[in-house]
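Student: Once you've had a glance at the structure underneath, I'll fire off some questions.
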Amino acid sequence: MGKLKVFEARCVRTMDPGRPLAEAVAVKDGHVISTGTIESMQPWLEREPYEIDDTFRDKVIFPGFIDPHTHFRMSGIFMGLTYLGPLDQQGPRGFNRGLKTRDEVLDKLREADRTLTDPDEPIVAWGLDPAVQGGQFHRDELDSVSSSRPIWTVTYAPHVVVTNSPMLELIGVDESTNVYGIERYTDGRLNGQFIERGASQIAGKPVAKYLVQPGRGVDAIRVLAATAQIAGITTTADMLFGYLNLEREWAEHEEAVNDPNFPLRMFLVPVESRISAAHGDGAAQFLLDQQKNRNSDKLGFHGVKFVNDGSYPAMTLRMRYPGYLDGKEGHRGETPWEELFKTMLPYWKAGVQIHSHANGDETVEMTLNVLEQLQLAYPRFDHRFTIEHYCISSPDQARRLKALGGLASVNNYFVHTRSQIHATQGFGPDRAEATARLGSLEREGVVFALHSDFSLVLSPIHPLTAVWIAVNRVALDGKTVQAPGERIGVDRAMRAITIDAAHVLRRDHLLGSIEPAKHADFTVLEADPYEVDPMDIKDIPIWGTVLGGKVFPINE
Ligand SMILES: [Zn+2]
């Protein structure tokens, strides 16, 4: 048994609405024993020896922040490739300047062509941003970089692969190929684009060895976890677990996460298409067995993930009438929508929580239809079916989501970082302005979380920035307030990165607030988001975190 330790603070925001404020929190064996004041917790303190830790005497303690949708393992892979993104980036091989124009992208590819000595070695590059760099790239312009060396590129949000002619040959597709998502010029020639999972998976085969890279996984998890910890995060969920190789990814996570100095809890959400390919009708039972046999407090399997449309920044999501500015319709995910009810039903019945990616309002509508079918076929309470991203939606959809008992996990960073870009690129002014309708979700009483999707969608990972955007909805120009009626208050936004995010991960009995018996996971701030000017919330310095009672200062 450990010793009782009492952390004193200027303020403890417990996120327990019944007892929201305290000045001290007592911790033992990694769990919270009591919150209140030194005086109020005397009935505990009289019974056993204790020590008082006043490190946080002038600081504010919150429950540890939770980001319920990230991609650390996979981001590590992309970060090792030639970088074509629009934002400055610190990569594993040094600093990469952001590329803001099409010509800069083509120049960077030419430079990569000159640098490689083996003429057969492909260029494998990541980070394209078609909305900023003048539209999707295509085969002929990559042939202009090199018509002999194979070139493979992918958008920052990795939903669109673009290749040149030599790479098309390696992939083994030609004009006779007919696969959903393998795109063509208007004259019928392949244009080098492979959109969304099914098609891009085919495109990935010749470059698999560059993407898989054994050994990089553990490093990637460590590096990205350190980035999250600096932002005050103590728990994340990975939403593409098992995409490449489930057992190897599990082993890599075990190696990284079970180190006592690793600062996060991580919950891994397997991709449905991979699980059903491996386990067929036994897929739901397989997941329940893994949860039972492998889960610990710090690392575990959780739920199942479906991807049902494209990306917001890569502009491949599906939108209802009047659709995209250029008349395109976007793309669905791997599972045809008409098969989704049948595919989801076994998980629904077994009680495996479903996380269903839907970025556009057409996909949200389809997802609500499937959820309604599931409820009609096999009614369930407290199923926590979660729509992931929920970027473009309408108020009636929030009302219907509530009626069906669903939750939302929302990427709202785009309101600030991208909504003005997409007023003219892709979505048009109405949809772009109303990106991430948190006010509508709050009005209808839907429980929702905020997430970053880091590092696969041009968002930072910084929960206080997500809160700042949710509260202010200030666009990139620094002054326009986007859809002011979709703003929410500070308390609701802080809930969305703590207790409500824990609810989305079905761990609100263990995490997300500072209450007796819960894990002693805290985020320690230098100022109180409830007290500062709302425009200053994102700049509040983060002192560090506490995970299971173990203190992780940032500046050490
Ligand atoms: Zn994601």
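Just so we're on the same page: first chain in the structure tokens is A, next is B, and so on; residues restart at 1 for each chain, and ligands are numbered from 1 in the order they show up.
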Select from chain A every residue with an atom at most 8 Å from any atom of ligand 1, then for each give the shortest pair of atoms and their distance in Å to one decimal, using only C-alpha atoms and all ligand atoms, rows by chain and rising number, as CSV.
Tutor:
residue,atom,partner,partner_atom_place_in_ligand_line,distance
A:His69,CA,ligand 1,1 (Zn),6.2
A:Thr70,CA,ligand 1,1 (Zn),6.2
A:His71,CA,ligand 1,1 (Zn),6.5
A:Met239,CA,ligand 1,1 (Zn),5.8
A:Leu240,CA,ligand 1,1 (Zn),7.0
A:His357,CA,ligand 1,1 (Zn),7.7
A:Glu388,CA,ligand 1,1 (Zn),8.0
A:His389,CA,ligand 1,1 (Zn),8.0
A:Asp453,CA,ligand 1,1 (Zn),4.8
A:Phe454,CA,ligand 1,1 (Zn),7.7
A:Leu456,CA,ligand 1,1 (Zn),6.9
A:Val457,CA,ligand 1,1 (Zn),7.9
Student: Go ahead and write the residues just picked, N, CA and C atoms, as a short mmCIF file (atom, residue, chain, number, x, y, z; two decimals), in the first residue's frame.
Tutor:
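again.cif was written with the following content:
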data_model
loop_
_atom_site.label_atom_id
_atom_site.label_comp_id
_atom_site.auth_asym_id
_atom_site.auth_seq_id
_atom_site.Cartn_x
_atom_site.Cartn_y
_atom_site.Cartn_z
N HIS A 69 -9.66 10.76 -30.12
CA HIS A 69 -9.49 10.35 -31.53
C HIS A 69 -8.14 10.85 -32.02
N THR A 70 -7.15 9.93 -32.04
CA THR A 70 -5.80 10.28 -32.51
C THR A 70 -5.28 9.14 -33.37
N HIS A 71 -4.11 9.36 -33.98
CA HIS A 71 -3.47 8.32 -34.82
C HIS A 71 -1.96 8.40 -34.63
N MET A 239 -7.69 5.63 -33.32
CA MET A 239 -8.88 5.25 -34.08
C MET A 239 -8.59 4.51 -35.39
N LEU A 240 -7.35 4.01 -35.55
CA LEU A 240 -7.10 3.14 -36.73
C LEU A 240 -6.23 1.97 -36.31
N HIS A 357 -17.14 7.00 -38.40
CA HIS A 357 -16.62 8.23 -39.00
C HIS A 357 -17.62 8.81 -40.01
N GLU A 388 -18.02 10.02 -35.31
CA GLU A 388 -16.69 10.61 -35.24
C GLU A 388 -16.55 11.74 -36.26
N HIS A 389 -16.07 12.86 -35.84
CA HIS A 389 -15.77 14.09 -36.59
C HIS A 389 -16.96 15.04 -36.64
N ASP A 453 -7.68 14.31 -33.99
CA ASP A 453 -7.35 13.43 -35.11
C ASP A 453 -5.85 13.50 -35.42
N PHE A 454 -5.05 13.91 -34.47
CA PHE A 454 -3.62 14.15 -34.67
C PHE A 454 -2.89 12.87 -35.05
N LEU A 456 -3.16 13.54 -38.45
CA LEU A 456 -3.52 13.21 -39.83
C LEU A 456 -4.46 14.20 -40.48
N VAL A 457 -4.75 15.35 -39.90
CA VAL A 457 -5.66 16.29 -40.58
C VAL A 457 -5.28 17.76 -40.46
#
Student: Give me, as JSON lines, the closest atom pair and its distance (Å, one decimal) for every residue of range 60-146 of chain A within a cut-off of 8 Å of range 209-233 of chain A, counting only C-alpha atoms, rows sorted by chain and rising number.
Tutor:
{"residue": "A:Gly64", "atom": "CA", "partner": "A:Ile233", "partner_atom": "CA", "distance": 6.0}
{"residue": "A:Phe65", "atom": "CA", "partner": "A:Ile233", "partner_atom": "CA", "distance": 4.5}
{"residue": "A:Ile66", "atom": "CA", "partner": "A:Ile233", "partner_atom": "CA", "distance": 5.7}
{"residue": "A:Asp67", "atom": "CA", "partner": "A:Ile233", "partner_atom": "CA", "distance": 7.0}
{"residue": "A:Phe72", "atom": "CA", "partner": "A:Ile221", "partner_atom": "CA", "distance": 5.5}
{"residue": "A:Arg73", "atom": "CA", "partner": "A:Ile221", "partner_atom": "CA", "distance": 5.4}
{"residue": "A:Met74", "atom": "CA", "partner": "A:Gly217", "partner_atom": "CA", "distance": 8.0}
{"residue": "A:Ser75", "atom": "CA", "partner": "A:Ala220", "partner_atom": "CA", "distance": 7.3}
{"residue": "A:Gly76", "atom": "CA", "partner": "A:Ala220", "partner_atom": "CA", "distance": 4.4}
{"residue": "A:Ile77", "atom": "CA", "partner": "A:Leu211", "partner_atom": "CA", "distance": 6.0}
{"residue": "A:Phe78", "atom": "CA", "partner": "A:Leu211", "partner_atom": "CA", "distance": 7.4}
{"residue": "A:Val124", "atom": "CA", "partner": "A:Tyr210", "partner_atom": "CA", "distance": 7.5}
Student: Any chance you could export the current selection's C-alpha atoms as an mmCIF file, in the first residue's frame?
Tutor:
data_model
loop_
_atom_site.group_PDB
_atom_site.id
_atom_site.type_symbol
_atom_site.label_atom_id
_atom_site.label_comp_id
_atom_site.auth_asym_id
_atom_site.auth_seq_id
_atom_site.Cartn_x
_atom_site.Cartn_y
_atom_site.Cartn_z
ATOM 1 C CA GLY A 64 -6.399 14.925 -17.047
ATOM 2 C CA PHE A 65 -7.370 15.996 -20.557
ATOM 3 C CA ILE A 66 -8.628 13.250 -22.883
ATOM 4 C CA ASP A 67 -8.263 13.252 -26.682
ATOM 5 C CA PHE A 72 -0.042 8.207 -33.199
ATOM 6 C CA ARG A 73 1.210 4.938 -34.669
ATOM 7 C CA MET A 74 0.216 5.826 -38.225
ATOM 8 C CA SER A 75 1.325 9.471 -38.004
ATOM 9 C CA GLY A 76 4.820 8.295 -37.150
ATOM 10 C CA ILE A 77 4.948 6.476 -40.479
ATOM 11 C CA PHE A 78 3.873 9.467 -42.539
ATOM 12 C CA VAL A 124 7.166 8.328 -51.355
#
Student: Would you list the contacts of Met366 in chain A as a list in words, taking every protein, DNA or RNA residue within 10 Å and counting only C-alpha atoms, but skipping same-chain residues closer than 6 positions in sequence?
Tutor: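 Residues meeting the cut-off are Asn308, Trp337, Glu338, Leu340, Ala358 and Glu372 of chain A.
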Student: Restricted to N, CA and C atoms, what would the selected residues look like written as a PDB file, in the first residue's frame?
Tutor:
ATOM      1  N   ASN A 308     -16.762   5.893 -42.988  1.00  0.00           N
ATOM      2  CA  ASN A 308     -17.832   5.872 -43.985  1.00  0.00           C
ATOM      3  C   ASN A 308     -17.860   7.020 -44.981  1.00  0.00           C
ATOM      4  N   TRP A 337     -22.477   1.688 -48.384  1.00  0.00           N
ATOM      5  CA  TRP A 337     -23.452   2.122 -47.377  1.00  0.00           C
ATOM      6  C   TRP A 337     -24.623   1.145 -47.232  1.00  0.00           C
ATOM      7  N   GLU A 338     -25.025   0.539 -48.346  1.00  0.00           N
ATOM      8  CA  GLU A 338     -26.189  -0.356 -48.270  1.00  0.00           C
ATOM      9  C   GLU A 338     -25.872  -1.633 -47.491  1.00  0.00           C
ATOM     10  N   LEU A 340     -24.038  -1.489 -44.648  1.00  0.00           N
ATOM     11  CA  LEU A 340     -23.552  -1.064 -43.334  1.00  0.00           C
ATOM     12  C   LEU A 340     -24.400  -1.610 -42.173  1.00  0.00           C
ATOM     13  N   ALA A 358     -18.041  10.049 -39.776  1.00  0.00           N
ATOM     14  CA  ALA A 358     -18.917  10.739 -40.725  1.00  0.00           C
ATOM     15  C   ALA A 358     -18.549  12.216 -40.710  1.00  0.00           C
ATOM     16  N   GLU A 372     -30.891   4.150 -36.678  1.00  0.00           N
ATOM     17  CA  GLU A 372     -32.332   3.916 -36.482  1.00  0.00           C
ATOM     18  C   GLU A 372     -32.697   2.464 -36.812  1.00  0.00           C
TER      19      GLU A 372
END
Student: What's the separation between CA of Val179 in chain A and CA of Phe194 in chain A, in Å to one decimal place?
Tutor: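 Here the two named atoms are 9.5 Å from each other.
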Student: For a quick check of understanding, using only C-alpha atoms, which of A:Ile202, A:Leu441, A:Val154, A:Leu317 has the smallest distance to His331 in chain A?
Tutor: A:Leu317
Student: Work out how far CA of Asp54 in chain A is from CA of Glu526 in chain A, in Å to one decimal.
Tutor: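 Between CA of Glu526 in chain A and CA of Asp54 in chain A the gap is 14.2 Å.
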Student: Out of range 154-250 of chain A, which residues get strand (DSSP E or B) from DSSP, as a ChimeraX atom specification?
Tutor: /A:154-155,160-163,182-184,190-195,233-241
Student: Please report the interatomic distance between CA of Arg437 in chain A and CA of Thr367 in chain A in Å with one decimal.
Tutor: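 Pair CA of Arg437 in chain A / CA of Thr367 in chain A returns 16.9 Å.
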Student: Which of these residues is nearest to Glu334 in chain A, using only C-alpha atoms: A:Ser409, A:Ser200, A:Thr435, A:Asn96?
Tutor: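 Looking only at the distances to Glu334 in chain A, the closest residue turns out to be A:Ser200.
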Student: So, counting only C-alpha atoms, which residue among A:Gly2, A:Thr155, A:Gln420, A:Pro336 is closest to Val481 in chain A?
Tutor: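 Going through A:Gly2, A:Thr155, A:Gln420, A:Pro336 one by one, the smallest distance to Val481 in chain A is for A:Gln420.
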Student: Out of A:Leu142, A:Val467, A:Val474, A:Ala251, which residue has the shortest atom-to-atom distance to Leu106 in chain A when counting only C-alpha atoms?
Tutor: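 For Leu106 in chain A, the nearest of the given residues is A:Leu142.
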Student: Enumerate the residues of range 162-222 of chain A with a DSSP assignment of alpha helix (DSSP H), computed from the backbone, and present them as a PyMOL selection string.
Tutor: chain A and resi 165-171+196-204+208-212+216-222
Student: Keeping N, CA and C atoms, export the residues of the selection given above as an mmCIF file, in the first residue's frame.
Tutor:
data_model
loop_
_atom_site.group_PDB
_atom_site.id
_atom_site.type_symbol
_atom_site.label_atom_id
_atom_site.label_comp_id
_atom_site.auth_asym_id
_atom_site.auth_seq_id
_atom_site.Cartn_x
_atom_site.Cartn_y
_atom_site.Cartn_z
ATOM 1 N N SER A 165 2.925 7.751 -63.891
ATOM 2 C CA SER A 165 2.724 6.565 -64.737
ATOM 3 C C SER A 165 3.578 5.362 -64.328
ATOM 4 N N PRO A 166 4.892 5.550 -64.035
ATOM 5 C CA PRO A 166 5.679 4.381 -63.623
ATOM 6 C C PRO A 166 5.121 3.715 -62.365
ATOM 7 N N MET A 167 4.579 4.514 -61.444
ATOM 8 C CA MET A 167 3.996 3.926 -60.232
ATOM 9 C C MET A 167 2.699 3.177 -60.561
ATOM 10 N N LEU A 168 1.909 3.686 -61.506
ATOM 11 C CA LEU A 168 0.689 2.965 -61.910
ATOM 12 C C LEU A 168 1.054 1.573 -62.412
ATOM 13 N N GLU A 169 2.175 1.499 -63.149
ATOM 14 C CA GLU A 169 2.619 0.193 -63.649
ATOM 15 C C GLU A 169 2.977 -0.737 -62.498
ATOM 16 N N LEU A 170 3.718 -0.211 -61.510
ATOM 17 C CA LEU A 170 4.099 -1.037 -60.353
ATOM 18 C C LEU A 170 2.858 -1.509 -59.590
ATOM 19 N N ILE A 171 1.865 -0.631 -59.492
ATOM 20 C CA ILE A 171 0.638 -0.991 -58.767
ATOM 21 C C ILE A 171 -0.112 -2.074 -59.544
ATOM 22 N N GLU A 196 -9.872 7.356 -51.101
ATOM 23 C CA GLU A 196 -10.399 6.603 -49.954
ATOM 24 C C GLU A 196 -9.804 5.195 -49.860
ATOM 25 N N ARG A 197 -10.172 4.524 -48.755
ATOM 26 C CA ARG A 197 -9.412 3.356 -48.297
ATOM 27 C C ARG A 197 -9.271 2.222 -49.305
ATOM 28 N N GLY A 198 -10.373 1.798 -49.898
ATOM 29 C CA GLY A 198 -10.295 0.627 -50.764
ATOM 30 C C GLY A 198 -9.287 0.850 -51.879
ATOM 31 N N ALA A 199 -9.421 1.974 -52.577
ATOM 32 C CA ALA A 199 -8.536 2.280 -53.703
ATOM 33 C C ALA A 199 -7.119 2.564 -53.225
ATOM 34 N N SER A 200 -6.968 3.353 -52.139
ATOM 35 C CA SER A 200 -5.607 3.723 -51.728
ATOM 36 C C SER A 200 -4.858 2.525 -51.157
ATOM 37 N N GLN A 201 -5.602 1.548 -50.665
ATOM 38 C CA GLN A 201 -4.957 0.317 -50.208
ATOM 39 C C GLN A 201 -4.308 -0.417 -51.383
ATOM 40 N N ILE A 202 -4.996 -0.441 -52.521
ATOM 41 C CA ILE A 202 -4.426 -1.059 -53.724
ATOM 42 C C ILE A 202 -3.163 -0.282 -54.126
ATOM 43 N N ALA A 203 -3.262 1.041 -54.041
ATOM 44 C CA ALA A 203 -2.123 1.880 -54.441
ATOM 45 C C ALA A 203 -0.934 1.705 -53.505
ATOM 46 N N GLY A 204 -1.181 1.263 -52.260
ATOM 47 C CA GLY A 204 -0.104 1.200 -51.267
ATOM 48 C C GLY A 204 0.813 0.001 -51.413
ATOM 49 N N ALA A 208 4.711 -0.565 -49.688
ATOM 50 C CA ALA A 208 4.440 -1.080 -48.339
ATOM 51 C C ALA A 208 5.686 -1.037 -47.465
ATOM 52 N N LYS A 209 6.848 -1.383 -48.046
ATOM 53 C CA LYS A 209 8.028 -1.456 -47.178
ATOM 54 C C LYS A 209 8.444 -0.071 -46.672
ATOM 55 N N TYR A 210 8.092 0.975 -47.421
ATOM 56 C CA TYR A 210 8.394 2.330 -46.941
ATOM 57 C C TYR A 210 7.402 2.762 -45.865
ATOM 58 N N LEU A 211 6.180 2.219 -45.962
ATOM 59 C CA LEU A 211 5.140 2.626 -45.021
ATOM 60 C C LEU A 211 5.206 1.833 -43.724
ATOM 61 N N VAL A 212 5.525 0.536 -43.834
ATOM 62 C CA VAL A 212 5.431 -0.311 -42.642
ATOM 63 C C VAL A 212 6.618 -0.083 -41.701
ATOM 64 N N ARG A 216 9.860 1.509 -36.357
ATOM 65 C CA ARG A 216 9.498 2.913 -36.233
ATOM 66 C C ARG A 216 8.277 3.090 -35.326
ATOM 67 N N GLY A 217 7.445 2.047 -35.208
ATOM 68 C CA GLY A 217 6.197 2.162 -34.463
ATOM 69 C C GLY A 217 6.380 2.620 -33.034
ATOM 70 N N VAL A 218 7.287 1.984 -32.301
ATOM 71 C CA VAL A 218 7.451 2.313 -30.884
ATOM 72 C C VAL A 218 7.937 3.761 -30.745
ATOM 73 N N ASP A 219 8.893 4.140 -31.594
ATOM 74 C CA ASP A 219 9.385 5.525 -31.554
ATOM 75 C C ASP A 219 8.258 6.512 -31.841
ATOM 76 N N ALA A 220 7.447 6.185 -32.850
ATOM 77 C CA ALA A 220 6.349 7.079 -33.220
ATOM 78 C C ALA A 220 5.396 7.269 -32.047
ATOM 79 N N ILE A 221 5.061 6.176 -31.390
ATOM 80 C CA ILE A 221 4.125 6.262 -30.263
ATOM 81 C C ILE A 221 4.729 7.131 -29.156
ATOM 82 N N ARG A 222 6.018 6.941 -28.896
ATOM 83 C CA ARG A 222 6.686 7.725 -27.834
ATOM 84 C C ARG A 222 6.737 9.212 -28.172
#
